[in-house]
file input05.txt (compact mmCIF, C-alpha atoms)
# COMPACT_ATOMS: atom_id res chain seq x y z
CA MET A 1 0.00 0.00 0.00
CA PHE A 2 2.83 2.38 0.81
CA LEU A 3 4.34 2.14 -2.64
CA LYS A 4 1.02 2.73 -4.40
CA ILE A 5 0.61 6.32 -3.19
CA SER A 6 -0.13 8.49 -6.22
CA HIS A 7 2.11 11.34 -7.29
CA GLN A 8 -0.87 13.72 -7.00
CA THR A 9 -1.38 12.76 -3.36
CA ILE A 10 2.30 13.33 -2.60
CA SER A 11 2.26 16.67 -4.41
CA GLN A 12 -0.81 17.90 -2.53
CA ALA A 13 0.65 16.81 0.81
CA LEU A 14 3.96 18.54 0.12
CA LEU A 15 2.25 21.75 -0.98
CA ARG A 16 0.24 21.80 2.26
CA VAL A 17 3.44 21.31 4.25
CA PHE A 18 5.23 24.15 2.45
CA ILE A 19 2.25 26.48 2.87
CA GLN A 20 2.14 25.74 6.59
CA ILE A 21 5.89 26.35 6.86
CA ALA A 22 5.51 29.64 5.02
CA ILE A 23 2.60 30.80 7.19
CA ALA A 24 4.40 29.74 10.33
CA SER A 25 7.51 31.63 9.28
CA VAL A 26 5.77 35.02 9.00
CA PRO A 27 5.77 35.86 12.75
CA ALA A 28 9.40 34.81 13.08
CA LEU A 29 10.50 36.84 10.09
CA CYS A 30 8.51 39.88 11.24
CA GLY A 31 10.16 39.89 14.65
CA GLY A 32 7.17 38.59 16.57
CA VAL A 33 4.45 40.57 14.75
CA THR A 34 1.15 38.71 14.96
CA PHE A 35 -2.16 39.14 13.22
CA ASP A 36 -5.33 39.02 15.29
CA VAL A 37 -7.94 37.56 12.96
CA GLN A 38 -10.69 37.77 15.56
CA ALA A 39 -10.18 41.49 16.26
CA ASP A 40 -9.98 42.29 12.54
CA THR A 41 -13.21 40.39 11.86
CA MET A 42 -15.06 42.24 14.60
CA ALA A 43 -13.79 45.61 13.38
CA HIS A 44 -15.47 45.01 10.01
CA ALA A 45 -18.60 43.26 11.37
CA PRO A 46 -22.01 44.97 11.68
CA LEU A 47 -22.68 46.68 15.01
CA SER A 48 -25.59 44.34 15.74
CA SER A 49 -23.30 41.36 15.29
CA VAL A 50 -20.84 42.78 17.79
CA ALA A 51 -23.60 43.43 20.27
CA LYS A 52 -25.01 39.98 19.73
CA ASP A 53 -21.64 38.40 20.53
CA SER A 54 -21.36 40.62 23.62
CA LEU A 55 -17.59 40.59 23.57
CA SER A 56 -15.98 43.41 25.52
CA SER A 57 -12.84 45.13 24.28
CA GLU A 58 -11.04 43.91 27.39
CA THR A 59 -11.79 40.31 26.47
CA VAL A 60 -10.56 40.82 22.93
CA GLN A 61 -7.37 42.44 24.17
CA ASP A 62 -6.73 39.63 26.64
CA THR A 63 -7.33 37.00 23.97
CA THR A 64 -5.06 38.81 21.50
CA LEU A 65 -2.31 39.19 24.07
CA THR A 66 -2.53 35.52 25.05
CA ASP A 67 -2.43 34.35 21.42
CA SER A 68 0.49 36.68 20.68
CA VAL A 69 2.52 35.45 23.63
CA THR A 70 1.77 31.83 22.70
CA LYS A 71 2.86 32.37 19.10
CA ARG A 72 5.99 34.24 20.11
CA THR A 73 6.89 31.53 22.58
CA PHE A 74 6.38 28.77 20.02
CA PHE A 75 8.35 30.39 17.21
CA GLY A 76 10.90 31.70 19.66
CA LYS A 77 11.64 28.14 20.71
CA ILE A 78 12.18 27.14 17.08
CA ILE A 79 14.48 30.09 16.43
CA ASN A 80 16.43 29.48 19.63
CA TYR A 81 16.73 25.77 18.79
CA PHE A 82 18.54 26.46 15.51
CA ARG A 83 20.45 29.41 16.98
CA ASN A 84 21.91 27.26 19.76
CA SER A 85 22.06 23.91 17.96
CA ASP A 86 25.83 24.16 17.43
CA ASN A 87 26.68 24.69 21.09
CA ALA A 88 28.86 21.82 22.25
CA ASN A 89 27.73 20.20 25.50
CA SER A 90 30.04 17.54 26.83
CA ASN A 91 27.53 16.66 29.55
CA LYS A 92 24.99 15.36 27.05
CA ARG A 93 24.99 11.59 26.79
CA PHE A 94 23.23 11.80 23.42
CA ASP A 95 23.44 15.05 21.45
CA PHE A 96 20.35 14.93 19.24
CA GLY A 97 19.24 17.27 16.45
CA ILE A 98 16.56 17.27 13.77
CA LEU A 99 16.36 19.37 10.62
CA PRO A 100 13.79 19.61 7.78
CA GLY A 101 15.18 20.33 4.33
CA PRO A 102 12.98 21.62 1.48
CA HIS A 103 14.74 21.12 -1.86
CA TYR A 104 14.22 21.00 -5.61
CA SER A 105 15.82 19.28 -8.60
CA SER A 106 14.74 18.83 -12.19
CA THR A 107 14.81 15.02 -11.88
CA ALA A 108 13.11 14.63 -8.47
CA GLY A 109 10.92 17.75 -8.36
CA LEU A 110 9.91 19.63 -5.22
CA GLY A 111 10.84 17.67 -2.11
CA LEU A 112 10.93 17.69 1.65
CA GLY A 113 13.70 15.83 3.45
CA VAL A 114 14.13 15.34 7.19
CA VAL A 115 17.41 14.41 8.88
CA ALA A 116 17.78 13.46 12.55
CA THR A 117 21.35 13.18 13.85
CA GLY A 118 22.88 12.00 17.08
CA LEU A 119 26.38 12.15 18.58
CA TYR A 120 27.31 10.04 21.58
CA SER A 121 30.21 8.34 23.35
CA MET A 122 30.43 4.72 24.49
CA ASP A 123 32.74 5.79 27.33
CA HIS A 124 32.27 9.28 28.83
CA SER A 125 35.29 8.80 31.08
CA ASP A 126 37.56 8.71 28.00
CA PRO A 127 37.75 12.14 26.28
CA GLN A 128 40.06 10.70 23.60
CA LEU A 129 37.46 8.19 22.38
CA PRO A 130 36.05 9.38 19.01
CA LYS A 131 32.39 10.35 19.05
CA SER A 132 30.01 7.76 17.65
CA ASN A 133 27.32 9.03 15.30
CA VAL A 134 23.97 7.98 13.90
CA ALA A 135 21.68 9.58 11.31
CA LEU A 136 18.08 8.80 10.41
CA TYR A 137 16.91 10.40 7.19
CA GLY A 138 13.85 10.44 4.98
CA ASP A 139 12.76 12.18 1.81
CA MET A 140 9.79 12.48 -0.53
CA THR A 141 9.20 14.54 -3.66
CA THR A 142 6.40 15.53 -6.01
CA LYS A 143 7.74 13.19 -8.72
CA GLY A 144 7.36 10.08 -6.60
CA PHE A 145 10.73 9.75 -4.85
CA LEU A 146 10.31 8.05 -1.44
CA MET A 147 13.20 7.12 0.82
CA ILE A 148 14.04 6.29 4.42
CA GLY A 149 17.44 5.30 5.76
CA LEU A 150 19.73 4.85 8.74
CA LYS A 151 23.53 5.02 8.91
CA GLY A 152 26.21 5.42 11.54
CA ASN A 153 29.62 4.66 13.02
CA ASN A 154 30.00 3.22 16.51
CA PHE A 155 33.29 3.29 18.46
CA PHE A 156 33.50 0.91 21.40
CA PRO A 157 35.46 1.71 24.61
CA LYS A 158 39.22 2.07 24.12
CA GLU A 159 38.59 1.80 20.35
CA ARG A 160 38.91 -1.98 20.54
CA PHE A 161 36.06 -2.46 18.10
CA ARG A 162 34.28 -0.38 15.51
CA LEU A 163 30.90 -0.88 13.84
CA ASP A 164 29.95 0.85 10.57
CA TYR A 165 26.44 0.34 9.23
CA ARG A 166 23.82 1.59 6.80
CA LEU A 167 20.25 0.59 5.99
CA TYR A 168 17.96 2.24 3.48
CA ILE A 169 15.05 1.66 1.14
CA TYR A 170 13.85 3.88 -1.66
CA THR A 171 11.65 3.91 -4.73
CA PHE A 172 11.60 6.51 -7.49
CA PRO A 173 11.19 7.00 -11.24
CA THR A 174 14.58 7.08 -12.93
CA SER A 175 16.37 6.35 -16.20
CA PHE A 176 18.78 3.77 -17.59
CA TRP A 177 21.22 4.31 -20.46
CA GLY A 178 22.83 0.90 -20.65
CA ILE A 179 26.23 -0.49 -19.70
CA GLY A 180 29.50 1.15 -20.74
CA PHE A 181 30.68 4.68 -21.46
CA GLU A 182 29.39 4.79 -25.04
CA ASN A 183 25.84 3.83 -24.02
CA GLY A 184 25.82 6.30 -21.15
CA ASP A 185 27.02 9.12 -23.40
CA ASN A 186 24.20 8.55 -25.90
CA ASP A 187 21.19 10.72 -25.02
CA ASP A 188 18.92 8.60 -27.23
CA ASN A 189 19.45 5.60 -24.93
CA GLU A 190 17.59 7.15 -22.00
CA THR A 191 15.01 4.59 -20.87
CA SER A 192 12.55 5.38 -18.12
CA TYR A 193 11.65 2.92 -15.38
CA ARG A 194 10.82 2.85 -11.68
CA ARG A 195 13.41 1.46 -9.28
CA LEU A 196 12.90 -0.12 -5.87
CA ARG A 197 16.06 -0.70 -3.86
CA PHE A 198 16.81 -2.10 -0.41
CA ASP A 199 20.37 -2.04 0.93
CA ALA A 200 21.73 -3.26 4.30
CA MET A 201 25.45 -3.23 5.13
CA ALA A 202 27.43 -3.89 8.33
CA ARG A 203 31.17 -3.80 8.92
CA PHE A 204 32.50 -5.01 12.31
CA LEU A 205 36.16 -4.23 12.81
CA PHE A 206 38.78 -5.33 15.34
CA ARG A 207 41.69 -3.06 16.23
CA ILE A 208 45.02 -4.69 15.39
CA ALA A 209 47.21 -1.57 15.82
CA PRO A 210 46.65 2.11 16.68
CA LYS A 211 43.95 3.49 14.34
CA THR A 212 44.11 0.26 12.30
CA TYR A 213 41.25 -2.23 12.01
CA VAL A 214 40.40 -5.48 10.25
CA GLY A 215 37.10 -7.34 10.23
CA PRO A 216 34.22 -8.90 8.30
CA VAL A 217 31.77 -7.01 6.11
CA VAL A 218 28.37 -8.21 4.89
CA ASN A 219 26.01 -6.54 2.42
CA PHE A 220 22.52 -7.53 1.26
CA GLN A 221 20.89 -5.78 -1.69
CA TYR A 222 17.59 -6.15 -3.51
CA VAL A 223 16.81 -4.17 -6.66
CA LYS A 224 13.65 -4.30 -8.75
CA ALA A 225 13.05 -2.46 -12.02
CA ASN A 226 9.36 -1.78 -12.71
CA SER A 227 7.55 -0.22 -15.67
CA VAL A 228 10.55 -0.40 -17.98
CA ASP A 229 10.04 1.29 -21.34
CA ASN A 230 9.93 -1.53 -23.90
CA SER A 231 12.08 0.43 -26.34
CA GLY A 232 15.03 0.21 -23.94
CA LEU A 233 14.83 -3.38 -22.73
CA HIS A 234 17.74 -4.38 -24.96
CA LEU A 235 20.03 -2.05 -22.95
CA PHE A 236 19.85 -4.47 -20.00
CA ASP A 237 21.69 -7.08 -22.11
CA GLY A 238 19.11 -9.76 -21.28
CA GLN A 239 19.76 -9.60 -17.52
CA ASP A 240 17.03 -10.03 -14.93
CA LEU A 241 15.18 -6.92 -13.84
CA ASN A 242 14.88 -8.23 -10.26
CA ILE A 243 18.24 -8.71 -8.56
CA ARG A 244 19.04 -10.12 -5.14
CA SER A 245 22.60 -10.33 -3.83
CA LEU A 246 24.29 -11.37 -0.60
CA THR A 247 27.92 -10.31 -0.33
CA VAL A 248 30.54 -11.17 2.31
CA GLY A 249 34.16 -10.21 2.66
CA LEU A 250 37.01 -8.72 4.65
CA SER A 251 37.64 -5.04 5.36
CA PHE A 252 40.85 -3.19 6.28
CA THR A 253 40.62 0.35 7.70
CA TYR A 254 43.26 2.87 8.74
CA ASP A 255 41.70 6.04 10.15
CA THR A 256 43.52 8.97 11.77
CA ARG A 257 40.84 11.62 11.09
CA ASP A 258 40.18 13.96 14.02
CA PHE A 259 36.41 13.87 13.38
CA ILE A 260 34.69 11.45 11.00
CA LEU A 261 31.86 13.75 9.88
CA ASN A 262 34.01 16.81 9.19
CA ALA A 263 37.74 16.06 9.29
CA SER A 264 40.32 18.84 9.42
CA ARG A 265 43.40 16.60 9.49
CA GLY A 266 44.39 12.97 9.12
CA TRP A 267 44.10 10.06 6.70
CA PHE A 268 41.40 7.53 5.90
CA ILE A 269 42.30 4.34 4.01
CA GLN A 270 39.77 1.56 3.51
CA LEU A 271 40.16 -1.59 1.44
CA ASP A 272 37.25 -4.02 1.07
CA GLN A 273 37.66 -7.38 -0.64
CA THR A 274 34.22 -8.94 -1.04
CA PHE A 275 32.67 -11.99 -2.69
CA THR A 276 29.18 -12.63 -4.07
CA PRO A 277 29.25 -16.44 -4.58
CA ARG A 278 26.62 -18.80 -5.94
CA PHE A 279 26.41 -20.93 -2.76
CA LEU A 280 24.86 -17.90 -0.99
CA GLY A 281 21.99 -17.95 -3.48
CA ASN A 282 23.38 -15.36 -5.90
CA GLU A 283 22.52 -15.72 -9.57
CA TYR A 284 25.17 -13.22 -10.66
CA CYS A 285 28.52 -14.23 -9.13
CA PHE A 286 31.51 -11.92 -8.85
CA SER A 287 34.12 -10.50 -6.49
CA THR A 288 34.96 -6.86 -5.78
CA THR A 289 38.02 -4.87 -4.71
CA ASP A 290 36.99 -1.46 -3.36
CA LEU A 291 39.66 1.07 -2.29
CA THR A 292 39.21 4.54 -0.77
CA VAL A 293 42.07 6.85 0.22
CA SER A 294 41.30 10.27 1.73
CA SER A 295 43.55 12.98 3.18
CA TYR A 296 42.81 16.21 5.05
CA ARG A 297 44.98 19.16 6.06
CA LYS A 298 44.64 22.79 7.16
CA VAL A 299 46.07 25.18 4.56
CA TRP A 300 45.37 28.53 6.26
CA LYS A 301 43.01 30.04 8.82
CA GLY A 302 39.60 28.48 8.33
CA GLY A 303 40.72 26.62 5.21
CA ILE A 304 40.82 22.83 4.84
CA LEU A 305 42.01 20.98 1.75
CA ALA A 306 40.51 17.51 1.35
CA GLY A 307 41.29 14.95 -1.33
CA GLU A 308 39.89 11.51 -2.12
CA TRP A 309 40.78 8.67 -4.47
CA HIS A 310 38.29 5.86 -5.01
CA SER A 311 38.48 2.79 -7.21
CA LYS A 312 36.18 -0.21 -7.51
CA PHE A 313 37.02 -3.29 -9.60
CA ASN A 314 34.55 -6.11 -10.22
CA TYR A 315 35.71 -9.54 -11.40
CA GLY A 316 33.23 -12.01 -12.84
CA ASN A 317 29.64 -11.29 -13.77
CA PRO A 318 28.08 -8.40 -11.80
CA ALA A 319 24.44 -7.56 -12.49
CA TRP A 320 23.56 -4.27 -14.18
CA CYS A 321 22.51 -2.66 -10.87
CA LEU A 322 25.60 -3.85 -8.93
CA MET A 323 28.19 -2.41 -11.28
CA SER A 324 30.40 0.60 -10.58
CA GLU A 325 28.45 3.81 -11.16
CA VAL A 326 29.27 7.49 -11.59
CA GLY A 327 27.33 10.01 -9.53
CA SER A 328 26.08 10.24 -5.95
CA THR A 329 25.69 12.81 -3.18
CA ASN A 330 29.30 12.10 -2.12
CA ARG A 331 31.25 11.60 -5.36
CA MET A 332 30.98 13.13 -8.83
CA ARG A 333 28.23 15.33 -7.47
CA GLY A 334 25.75 16.57 -10.07
CA TYR A 335 25.89 13.53 -12.35
CA PHE A 336 22.70 11.54 -12.83
CA GLU A 337 23.39 8.53 -10.61
CA GLY A 338 24.08 5.45 -12.71
CA ARG A 339 23.98 7.10 -16.12
CA TYR A 340 27.57 5.95 -16.63
CA ARG A 341 28.22 2.42 -15.36
CA ASP A 342 30.54 -0.47 -16.07
CA LYS A 343 32.45 -3.21 -14.26
CA ASN A 344 35.14 -0.86 -12.97
CA ILE A 345 35.59 2.76 -11.93
CA MET A 346 38.40 5.10 -10.89
CA GLU A 347 37.55 8.56 -9.56
CA PHE A 348 39.26 11.45 -7.78
CA GLN A 349 38.10 14.68 -6.14
CA LEU A 350 39.82 17.62 -4.45
CA GLU A 351 37.82 20.03 -2.29
CA LEU A 352 38.65 23.31 -0.53
CA ARG A 353 36.45 24.06 2.48
CA GLN A 354 36.55 27.61 3.82
CA HIS A 355 34.96 28.95 6.98
CA ILE A 356 33.54 32.43 6.25
CA TRP A 357 31.76 33.85 9.27
CA LYS A 358 30.25 32.39 12.44
CA ARG A 359 28.38 29.25 11.31
CA HIS A 360 28.71 29.89 7.57
CA GLY A 361 31.17 28.50 5.08
CA ILE A 362 31.66 27.58 1.43
CA ALA A 363 33.29 24.76 -0.50
CA VAL A 364 34.60 24.41 -4.05
CA TRP A 365 35.71 21.17 -5.64
CA GLY A 366 36.95 19.57 -8.81
CA GLY A 367 37.09 15.94 -9.81
CA MET A 368 37.11 13.33 -12.55
CA ALA A 369 36.08 9.73 -13.11
CA GLN A 370 36.08 6.98 -15.70
CA VAL A 371 34.14 3.72 -15.97
CA PHE A 372 35.59 0.86 -18.04
CA PRO A 373 35.26 -2.93 -18.57
CA GLU A 374 39.03 -3.65 -18.51
CA VAL A 375 42.14 -1.61 -17.74
CA ASP A 376 43.24 -1.67 -21.38
CA ALA A 377 39.99 0.12 -22.30
CA LEU A 378 40.99 3.31 -20.44
CA ARG A 379 40.97 6.39 -22.72
CA TRP A 380 41.65 10.08 -22.07
CA ARG A 381 38.56 11.09 -24.07
CA LYS A 382 36.35 9.04 -21.75
CA ILE A 383 37.29 10.96 -18.60
CA LEU A 384 34.21 12.53 -17.03
CA PRO A 385 34.91 15.98 -15.51
CA ASN A 386 33.26 17.39 -12.40
CA ALA A 387 33.37 20.70 -10.53
CA GLY A 388 31.13 22.49 -8.11
CA ILE A 389 30.48 25.00 -5.37
CA GLY A 390 28.57 24.64 -2.13
CA TYR A 391 27.30 26.46 0.95
CA ARG A 392 27.90 25.14 4.47
CA TRP A 393 25.90 25.89 7.63
CA GLU A 394 27.02 24.44 10.96
CA PHE A 395 23.90 22.77 12.33
CA LYS A 396 25.61 21.08 15.29
CA ASN A 397 29.15 21.52 16.51
CA ARG A 398 31.28 20.49 13.47
CA VAL A 399 28.23 18.88 11.81
CA ASN A 400 27.43 20.76 8.61
CA ILE A 401 24.38 21.05 6.42
CA ARG A 402 25.54 21.32 2.83
CA ILE A 403 23.88 22.63 -0.32
CA ASP A 404 25.99 21.82 -3.40
CA TYR A 405 25.70 22.49 -7.10
CA GLY A 406 27.73 20.20 -9.31
CA PHE A 407 28.70 20.88 -12.94
CA THR A 408 28.96 17.83 -15.17
CA ARG A 409 29.48 16.70 -18.75
CA ASN A 410 25.70 16.62 -19.18
CA GLY A 411 24.65 19.73 -17.24
CA GLY A 412 24.44 19.92 -13.46
CA GLY A 413 22.28 19.61 -10.38
CA PHE A 414 21.65 20.69 -6.78
CA MET A 415 22.11 18.49 -3.73
CA PHE A 416 21.00 18.96 -0.11
CA ASN A 417 22.60 16.77 2.52
CA ILE A 418 24.09 16.58 6.00
CA ASN A 419 27.81 16.05 6.78
CA GLU A 420 30.65 16.63 4.36
CA ALA A 421 30.79 14.57 1.19
CA PHE A 422 33.91 12.75 2.34
call {"tool": "encode", "arguments": {"input": "input05.txt", "output": "structure tokens"}}
result
Amino acid sequence: MFLKISHQTISQALLRVFIQIAIASVPALCGGVTFDVQADTMAHAPLSSVAKDSLSSETVQDTTLTDSVTKRTFFGKIINYFRNSDNANSNKRFDFGILPGPHYSSTAGLGLGVVATGLYSMDHSDPQLPKSNVALYGDMTTKGFLMIGLKGNNFFPKERFRLDYRLYIYTFPTSFWGIGFENGDNDDNETSYRRLRFDAMARFLFRIAPKTYVGPVVNFQYVKANSVDNSGLHLFDGQDLNIRSLTVGLSFTYDTRDFILNASRGWFIQLDQTFTPRFLGNEYCFSTTDLTVSSYRKVWKGGILAGEWHSKFNYGNPAWCLMSEVGSTNRMRGYFEGRYRDKNIMEFQLELRQHIWKRHGIAVWGGMAQVFPEVDALRWRKILPNAGIGYRWEFKNRVNIRIDYGFTRNGGGFMFNINEAF
């Protein structure tokens, strides 16, 4: 029933929410000015009507004053909440925050996202223990995008163990261009369909040396393509439209970042070697080597230079929806996610983050990527360029809300999210 909600119903609900937000914002923006509908109605009503209601001016004034104080108190609490949300409080066992995020994009339409974040420590007696974090997020748009997810990183006492996890489900209308650079670069290949995806991943790591961890990783994914345009079915190369995969493997992590969600110094190196074998019930069998290397350093007052290299190599027979893809909210920002896909990918990005004033900052970045079936298929002309600029607002202490615009080979797009991209 949840997935059968019509786009018209979603649109109407979102419009009502935005109207209510706009109406509610008027008193806050006007510095506490309120509008007394009852008094205004009586001022324009016939004298007999006023007499019939037998309302004294004192009663009207008391009612108006009470309503005004109530409204000011309510909106004052909202304003104070966001004004003080970045104040660090070491006494809090669980530092919780929630933020609504209206947004718009040409592909998803008008949307309303909500992000709830939490920072906590597994051992308050150890100030050197990195803060654990958790985020619950949801989103819906007028074009039928629906999503809910959970992700986080948990550091156990004395950093002996570490748990990384994510869980999300979404459904939305999207497009498919086929497999390989040439298919993705052909505008005529665009094939509309509706995608349902469920993804659950957990990585439990054991410390083997300072800031160094090794442990198992498991990932379950289910993808279903509905309402595929018949003219583009051949682009799937005869593969199933419903894919289920269970992947297991080993993960190595070296992490010296000072703060996971917004690092100002340190290194992050993660190497995952995973397997999707047939004996686990997988129809499409393959193995994957996934490497991420990130570095952060302060370059001047308020300025942080961050760089990231990512590569993902698949060996065997990965399904169309489990291949390496260009475009996400974290890498190659602005690209239509999955327009360019193939067995392998290499991508790089360099970002300058600059604090401007109080809780405000900006970021600029540049990057490139290439998808390819084999290493000998790499070509300079197939490099996909990326650049962008973004605004940062510090929602919680060192936890940023980001609004980015990414420029791509095919145009560009806006993104709204919480935490830095990498």
call {"tool": "residues_around", "arguments": {"input": "input05.txt", "residues": "A:Ile243", "least_positions_apart": "5", "cutoff": "8 Å", "atoms": "all atoms listed in the file", "output": "VMD selection string"}}
result
chain A and resid 221 to 224 319 321
call {"tool": "write_last_selection", "arguments": {"input": "input05.txt", "atoms": "C-alpha atoms", "output": "mmCIF file, in the coordinates of the input"}}
result
data_model
loop_
_atom_site.group_PDB
_atom_site.id
_atom_site.type_symbol
_atom_site.label_atom_id
_atom_site.label_comp_id
_atom_site.auth_asym_id
_atom_site.auth_seq_id
_atom_site.Cartn_x
_atom_site.Cartn_y
_atom_site.Cartn_z
ATOM 1 C CA GLN A 221 20.890 -5.780 -1.690
ATOM 2 C CA TYR A 222 17.590 -6.150 -3.510
ATOM 3 C CA VAL A 223 16.810 -4.170 -6.660
ATOM 4 C CA LYS A 224 13.650 -4.300 -8.750
ATOM 5 C CA ALA A 319 24.440 -7.560 -12.490
ATOM 6 C CA CYS A 321 22.510 -2.660 -10.870
#
call {"tool": "residues_near_point", "arguments": {"input": "input05.txt", "point": "(37.1, -2.4, 23.0)", "cutoff": "12 Å", "atoms": "all atoms listed in the file", "output": "list in words"}}
result
Met122, Asp123, Leu129, Asn154, Phe155, Phe156, Pro157, Lys158, Glu159, Arg160, Phe161, Arg162, Leu163, Phe204, Leu205, Phe206, Arg207, Ile208 and Tyr213 of chain A
call {"tool": "closest_residue", "arguments": {"input": "input05.txt", "among": "A:Gly144, A:Pro173, A:Gly281, A:Gly266", "to": "A:Lys298", "atoms": "all atoms listed in the file"}}
result
A:Gly266
call {"tool": "atom_distance", "arguments": {"input": "input05.txt", "atom1": "atom CA of A:Val217", "atom2": "atom CA of A:Asp272"}}
result
8.0 Å
call {"tool": "residues_around", "arguments": {"input": "input05.txt", "residues": "A:Phe198", "least_positions_apart": "2", "cutoff": "10 Å", "atoms": "all atoms listed in the file", "output": "list of chain:residue names"}}
result
A:Met147, A:Gly149, A:Leu167, A:Tyr168, A:Ile169, A:Tyr170, A:Thr171, A:Leu196, A:Ala200, A:Phe220, A:Gln221, A:Tyr222, A:Val223, A:Lys224, A:Arg244
call {"tool": "residues_around", "arguments": {"input": "input05.txt", "residues": "A:Leu119", "least_positions_apart": "4", "cutoff": "7 Å", "atoms": "all atoms listed in the file", "output": "number ranges by chain"}}
result
A: 94-96, 131-134
call {"tool": "atom_distance", "arguments": {"input": "input05.txt", "atom1": "atom CA of A:Pro102", "atom2": "atom CA of A:Thr191"}}
result
28.2 Å
call {"tool": "atom_distance", "arguments": {"input": "input05.txt", "atom1": "atom CA of A:Ala116", "atom2": "atom CA of A:Gly413"}}
result
24.2 Å
call {"tool": "residues_around", "arguments": {"input": "input05.txt", "residues": "stretch 376-379 of chain A", "least_positions_apart": "4", "cutoff": "12 Å", "atoms": "only C-alpha atoms", "output": "PyMOL selection string"}}
result
chain A and resi 180-182+342-346+369-372+383-384
call {"tool": "write_last_selection", "arguments": {"input": "input05.txt", "atoms": "C-alpha atoms", "output": "compact mmCIF listing (two decimals), in the frame of the given file"}}
result
# COMPACT_ATOMS: atom_id res chain seq x y z
CA GLY A 180 29.50 1.15 -20.74
CA PHE A 181 30.68 4.68 -21.46
CA GLU A 182 29.39 4.79 -25.04
CA ASP A 342 30.54 -0.47 -16.07
CA LYS A 343 32.45 -3.21 -14.26
CA ASN A 344 35.14 -0.86 -12.97
CA ILE A 345 35.59 2.76 -11.93
CA MET A 346 38.40 5.10 -10.89
CA ALA A 369 36.08 9.73 -13.11
CA GLN A 370 36.08 6.98 -15.70
CA VAL A 371 34.14 3.72 -15.97
CA PHE A 372 35.59 0.86 -18.04
CA ILE A 383 37.29 10.96 -18.60
CA LEU A 384 34.21 12.53 -17.03
call {"tool": "closest_residue", "arguments": {"input": "input05.txt", "among": "A:Lys312, A:Arg359, A:Arg333, A:Lys143", "to": "A:Leu271", "atoms": "only C-alpha atoms"}}
result
A:Lys312
call {"tool": "axis_aligned_box", "arguments": {"input": "input05.txt", "around": "stretch 142-160 of chain A", "padding_each_side": "4 Å", "output": "lines of an AutoDock Vina configuration file"}}
result
center_x = 22.8
center_y = 6.8
center_z = 7.9
size_x = 40.8
size_y = 25.5
size_z = 41.3
call {"tool": "closest_residue", "arguments": {"input": "input05.txt", "among": "A:Asp258, A:Ser251, A:Ala306, A:Asp240", "to": "A:Tyr284", "atoms": "only C-alpha atoms"}}
result
A:Asp240
call {"tool": "closest_residue", "arguments": {"input": "input05.txt", "among": "A:Gly302, A:Gly178, A:Pro373, A:Gly249", "to": "A:Asn314", "atoms": "all atoms listed in the file"}}
result
A:Pro373
call {"tool": "residues_around", "arguments": {"input": "input05.txt", "residues": "A:Gly113", "least_positions_apart": "4", "cutoff": "7 Å", "atoms": "all atoms listed in the file", "output": "list in words"}}
result
Pro100, Gly101, Pro102, Gly138, Asp139 and Met140 of chain A
call {"tool": "closest_residue", "arguments": {"input": "input05.txt", "among": "A:Trp357, A:Tyr315, A:Asn330, A:Glu351", "to": "A:Cys285", "atoms": "all atoms listed in the file"}}
result
A:Tyr315
call {"tool": "closest_residue", "arguments": {"input": "input05.txt", "among": "A:Leu246, A:Thr141, A:Ile260, A:Gly111", "to": "A:Phe279", "atoms": "all atoms listed in the file"}}
result
A:Leu246
